[in-house]
Every structure is written in C-alpha cells, then in structure tokens.
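This report refers to the structure that appears directly beneath it.
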Amino acid sequence: MAKNTAAAQIHQSGFDFLNKLKKNNNRDWFNEHKATFQKELGLVEVFAEALLQQLSATDLIETPSGKKSLYRIYRDTRFSNDKTPYKTHWSGSFKRATKSRRGGYYFHIAPGNSFVAGGFWGPTPQDLKLMRDDIAFDPTPVRKIINSKAFISTFGSLEGEQLKTTPKGFEADHEAIDLLRYKQFLLIRRFSDEEVLSNTFLKEATATFQKMRPFFDHMSEVLSSDPNGE
C-alpha cells in the first residue's frame, strides 16, 4: 500500500465539502452532491489506508482496511435533539488485535476541530475496577507515563470524564484520587487546519498513535493479567 502514501493526505476539497454540508445539512442537498461526497470520501479512504499501514508497522491491528475504519457520515438522530441527518466531519478508528492489546485509536477531521485520539472511551465496569485497583495499589507507573516529556509535549494531560465524588471503594484522601476519579482515560492531540492539510499530517498522526503505546502497554498488562498478576 506504500504506493498510496504520497497521495495520502487530507485535502482542502474535503474541508470545502464539509463546510458546505454544514450550511446545507439536508437530504436534498446531499443527494444533489452525492458524487462530490463519494469523491472526497475516496480521498479520506486513501489517507485512512495509509494510516493503517503505518500503524501496523509497530502494532497488531484487527481493522482490515482503511475503508473499514471509517464511520458512516449518516447520523443516528433517533435519540438526539439535533435532527440534522449528516455528520460534518470525517472520522475513523482502528482496533488493536487480541485481548492482550487494549486501547483504541481514533481520528477526527473537521474544519476547526481536528484531533487524533486514543485510549479507553467506555471501559466495562470490570475493566474500570482493574484499572482503578492498579492505580490505587501503586500510581507510580501511570504517573511516570503521563508526566513524561514525550506525553506532555504531545497530549498535554490525560483527559476524559471524571466523577465529581469519590469512586466507591476508595478513600477520598487517597494519594491518587485525581486519577481514580477518571471514568475514561483519553489521550488527545489537537491539530490546526493548516497542520491537517499539510503533507506531513500522516507522519504526525502516526507518531501521535505511537506515543500512546506506553500508556496502552501498561493498561494492557493490567487488564490481561489474572488476579495473581500472571
């Protein structure tokens, strides 16, 4: 797939389409411009495929193709107050293979709101308890990762929803209560439009995913070990 790498970037035309869709978010307009949508989607697929190939060089990914990584542009409006039928961004995710590799990769492309992210969006109650138990027992490994120069320069800080109160089973004055309150563990790097449209964005997105690995590797060990730590 290396032959597509040179062309694998986000194009201004894709941003132009999304901006127009935002102003004309209705089925009639979309159907009239379906050919443009399909052309731009194809360009994003090329980018996603190249990103998958780059990511697969250092990790084992279950997602079979860049095309399969992409989310549909059609919104599910059944339970939303926003009834506009289409998303106004391109996005996709890559799933790590086997139960011993945890954490997910995600990219979100939109004018004025582009980012590359990863982590644990919705850990099961069992997984969340294992993660909290590990942090409560010894927060040093996680703090070492999130306080490293590489982490801070790339992601700033750990993000995600947090409890306003103390999680059940833990003390309010625990030394790691700031970490124990997390319900999600997200690593996010935001990009300007200029950065996204540059021919180095594929390289930067790939490097961003790779810098998530210390956090992923630690949590993968926590989540794939038995109660005896084996």
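Identifiers in the structure tokens: chain A, B, ... in order shown; residue index from 1 per chain; ligand index from 1 in order shown.
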Which neighbours of Pro214 (chain A) fall inside 10 Å, counting only C-alpha atoms, when residues of the same chain fewer than 4 positions from it are skipped, and could you give them as number ranges by chain?
A: 141-142, 144-146, 151, 210, 218-220
Could the residues in this selection be saved with N, CA, C and O atoms as a CSV table (one decimal), in the first residue's frame?
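Done, and the output landed in again_35.csv:
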chain,number,residue,atom,x,y,z
A,141,PRO,N,3.7,4.0,38.2
A,141,PRO,CA,3.9,3.7,36.7
A,141,PRO,C,3.0,4.6,35.8
A,141,PRO,O,3.5,5.1,34.8
A,142,VAL,N,1.8,4.8,36.2
A,142,VAL,CA,0.9,5.7,35.4
A,142,VAL,C,1.4,7.1,35.4
A,142,VAL,O,1.5,7.8,34.4
A,144,LYS,N,4.4,8.2,36.0
A,144,LYS,CA,5.6,8.3,35.2
A,144,LYS,C,5.4,8.4,33.7
A,144,LYS,O,6.0,9.2,33.0
A,145,ILE,N,4.3,7.7,33.2
A,145,ILE,CA,4.0,7.8,31.8
A,145,ILE,C,3.4,9.2,31.5
A,145,ILE,O,3.8,9.9,30.5
A,146,ILE,N,2.4,9.6,32.2
A,146,ILE,CA,1.7,10.9,31.9
A,146,ILE,C,2.4,12.1,32.3
A,146,ILE,O,2.1,13.2,31.9
A,151,PHE,N,4.9,12.6,26.7
A,151,PHE,CA,3.5,12.6,26.8
A,151,PHE,C,3.0,14.0,26.9
A,151,PHE,O,2.0,14.4,26.2
A,210,GLN,N,1.8,6.3,18.0
A,210,GLN,CA,2.9,5.5,18.6
A,210,GLN,C,3.2,6.0,20.0
A,210,GLN,O,3.6,5.2,20.9
A,218,HIS,N,1.0,-0.5,29.4
A,218,HIS,CA,0.8,-0.6,30.9
A,218,HIS,C,-0.6,-1.1,31.2
A,218,HIS,O,-0.8,-2.1,31.9
A,219,MET,N,-1.7,-0.5,30.6
A,219,MET,CA,-3.0,-0.9,30.9
A,219,MET,C,-3.4,-2.2,30.3
A,219,MET,O,-4.2,-3.0,30.8
A,220,SER,N,-2.7,-2.6,29.2
A,220,SER,CA,-3.0,-3.9,28.6
A,220,SER,C,-2.5,-5.0,29.6
A,220,SER,O,-3.1,-6.0,29.7
Which residues, written as number ranges by chain, have at least one atom at most 12 Å from Leu52 (chain A), with only C-alpha atoms counted and residues fewer than 3 positions away on the same chain left out?
A: 1-2, 4-5, 8, 45-49, 55-70, 92-96, 105-107, 202-203, 205-206, 209
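Proximity of A:Thr166, A:Ser224, A:Thr124, A:Gln38 to Gln184 (chain A), computed with only C-alpha atoms, is greatest for A:Thr124.
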All strand (DSSP E or B) residues (DSSP, backbone) inside region 20-88 of chain A, as a ChimeraX atom specification
/A:61,70,74,86
Can you spit out the residues from that selection as a PDB file, in the first residue's frame, using N, CA, C and O atoms?
ATOM      1  N   ILE A  61      -3.083  -4.705  14.349  1.00  0.00           N
ATOM      2  CA  ILE A  61      -4.404  -4.080  14.219  1.00  0.00           C
ATOM      3  C   ILE A  61      -5.404  -5.046  13.602  1.00  0.00           C
ATOM      4  O   ILE A  61      -5.123  -5.711  12.609  1.00  0.00           O
ATOM      5  N   LEU A  70     -13.519   3.701   8.694  1.00  0.00           N
ATOM      6  CA  LEU A  70     -14.277   4.951   8.658  1.00  0.00           C
ATOM      7  C   LEU A  70     -15.706   4.785   9.175  1.00  0.00           C
ATOM      8  O   LEU A  70     -16.374   3.789   8.907  1.00  0.00           O
ATOM      9  N   TYR A  74     -23.741   9.306   7.960  1.00  0.00           N
ATOM     10  CA  TYR A  74     -25.156   9.420   8.319  1.00  0.00           C
ATOM     11  C   TYR A  74     -25.312   9.367   9.836  1.00  0.00           C
ATOM     12  O   TYR A  74     -24.839   8.445  10.484  1.00  0.00           O
ATOM     13  N   TYR A  86     -26.725  14.500   8.760  1.00  0.00           N
ATOM     14  CA  TYR A  86     -25.349  14.130   8.406  1.00  0.00           C
ATOM     15  C   TYR A  86     -24.329  14.710   9.388  1.00  0.00           C
ATOM     16  O   TYR A  86     -24.475  15.824   9.890  1.00  0.00           O
TER      17      TYR A  86
END
Assign secondary structure with DSSP using the backbone only, and return the residues of region 17-229 of chain A in helix (DSSP H, G or I) as a count of residues only.
98
Determine, using only C-alpha atoms, which residues of region 4-24 of chain A have any atom at most 7 Å from an atom of region 194-199 of chain A, and tabulate each with its shortest atom pair and distance in Å to one decimal place, rows ordered by chain and then rising number, as CSV.
residue,atom,partner,partner_atom,distance
A:Gln9,CA,A:Asn199,CA,6.0
A:Ile10,CA,A:Leu197,CA,5.3
A:His11,CA,A:Leu197,CA,5.9
A:Gln12,CA,A:Leu197,CA,6.6
Rounded to one decimal in Å, what is the spacing between CA of Ile109 (chain A) and CA of Ser91 (chain A)?
6.1 Å
For Asp134 (chain A), which residue among A:Val44, A:Ser225, A:Leu21, A:Thr84 is the nearest when counting only C-alpha atoms?
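The answer is A:Ser225, which sits nearest to Asp134 (chain A).
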Two-atom distance - CA of His108 (chain A), CA of His89 (chain A) (Å):
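Result for CA of His108 (chain A) versus CA of His89 (chain A): 6.8 Å, one decimal.
By chain and then residue number, the residues within 9 Å of Thr88 (chain A) are Phe17, Leu18, Asn19, Leu21, Lys22, Asn25, Ile73, Ala110 and Pro111 of chain A, counting only C-alpha atoms and disregarding those fewer than 6 positions away in sequence.
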Selected residues written out, C-alpha atoms, as a JSON list (two decimals), in the first residue's frame:
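Just written: selection-v8.json:
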[["chain", "number", "residue", "atom", "x", "y", "z"],
["A", 17, "PHE", "CA", -17.31, 19.83, 1.18],
["A", 18, "LEU", "CA", -17.75, 19.61, 4.95],
["A", 19, "ASN", "CA", -18.19, 23.39, 5.23],
["A", 21, "LEU", "CA", -22.57, 20.36, 4.17],
["A", 22, "LYS", "CA", -22.67, 22.21, 7.49],
["A", 25, "ASN", "CA", -27.39, 19.75, 6.18],
["A", 73, "ILE", "CA", -21.50, 10.13, 7.61],
["A", 110, "ALA", "CA", -13.23, 18.69, 10.59],
["A", 111, "PRO", "CA", -12.52, 22.35, 9.80]]
Would you kindly return, as a ChimeraX atom specification, each protein, DNA or RNA residue with an atom no farther than 10 Å from any atom of Glu171 (chain A), considering only C-alpha atoms and excluding same-chain residues fewer than 5 positions away?
/A:136,166,176-177,180
Would you write out those residues with all heavy atoms, as a tab-separated table (two decimals), in the first residue's frame?
chain	number	residue	atom	x	y	z
A	136	ALA	N	-4.61	2.49	42.47
A	136	ALA	CA	-4.67	2.62	43.93
A	136	ALA	C	-3.52	1.88	44.59
A	136	ALA	O	-2.95	2.37	45.58
A	136	ALA	CB	-6.00	2.09	44.44
A	166	THR	N	-15.99	10.72	45.19
A	166	THR	CA	-15.01	9.64	45.32
A	166	THR	C	-15.59	8.33	44.80
A	166	THR	O	-16.73	7.99	45.12
A	166	THR	CB	-14.63	9.46	46.81
A	166	THR	OG1	-14.18	10.70	47.32
A	166	THR	CG2	-13.55	8.40	46.97
A	176	ALA	N	-3.82	9.11	45.04
A	176	ALA	CA	-4.08	9.12	43.60
A	176	ALA	C	-5.55	9.37	43.29
A	176	ALA	O	-6.05	8.96	42.24
A	176	ALA	CB	-3.63	7.80	42.98
A	177	ILE	N	-6.25	10.08	44.18
A	177	ILE	CA	-7.68	10.30	43.96
A	177	ILE	C	-7.95	11.05	42.66
A	177	ILE	O	-8.99	10.86	42.02
A	177	ILE	CB	-8.31	11.06	45.16
A	177	ILE	CG1	-9.85	11.03	45.08
A	177	ILE	CG2	-7.77	12.47	45.26
A	177	ILE	CD1	-10.45	9.65	45.14
A	180	LEU	N	-8.03	8.27	40.19
A	180	LEU	CA	-9.10	7.31	40.48
A	180	LEU	C	-10.47	7.82	40.06
A	180	LEU	O	-11.39	7.03	39.83
A	180	LEU	CB	-9.11	6.95	41.97
A	180	LEU	CG	-7.86	6.22	42.48
A	180	LEU	CD1	-7.91	6.09	44.00
A	180	LEU	CD2	-7.77	4.84	41.83
Of the candidates A:Met212, A:Phe201, A:Phe120, A:Asn24, which shows the shortest atom-to-atom distance to Lys183 (chain A), using only C-alpha atoms?
A:Phe120
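Taking only C-alpha atoms into account, Leu186 (chain A) lies nearest to A:Ser157 out of the set A:Asn26, A:Thr98, A:Ser157, A:Ser114.
Among the candidates A:Glu161, A:Glu32, A:Asp173, A:Asp193, the one nearest to Asp16 (chain A) when counting only C-alpha atoms is A:Asp193.
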Taking into account only C-alpha atoms, which residue in the set A:Glu221, A:Asp138, A:Asp127, A:Glu159 is nearest to Leu187 (chain A)?
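Looking at the shortest contact to Leu187 (chain A), the residue is A:Glu159.
In this structure, CA of Ala35 (chain A) sits 26.7 Å away from CA of Phe115 (chain A).
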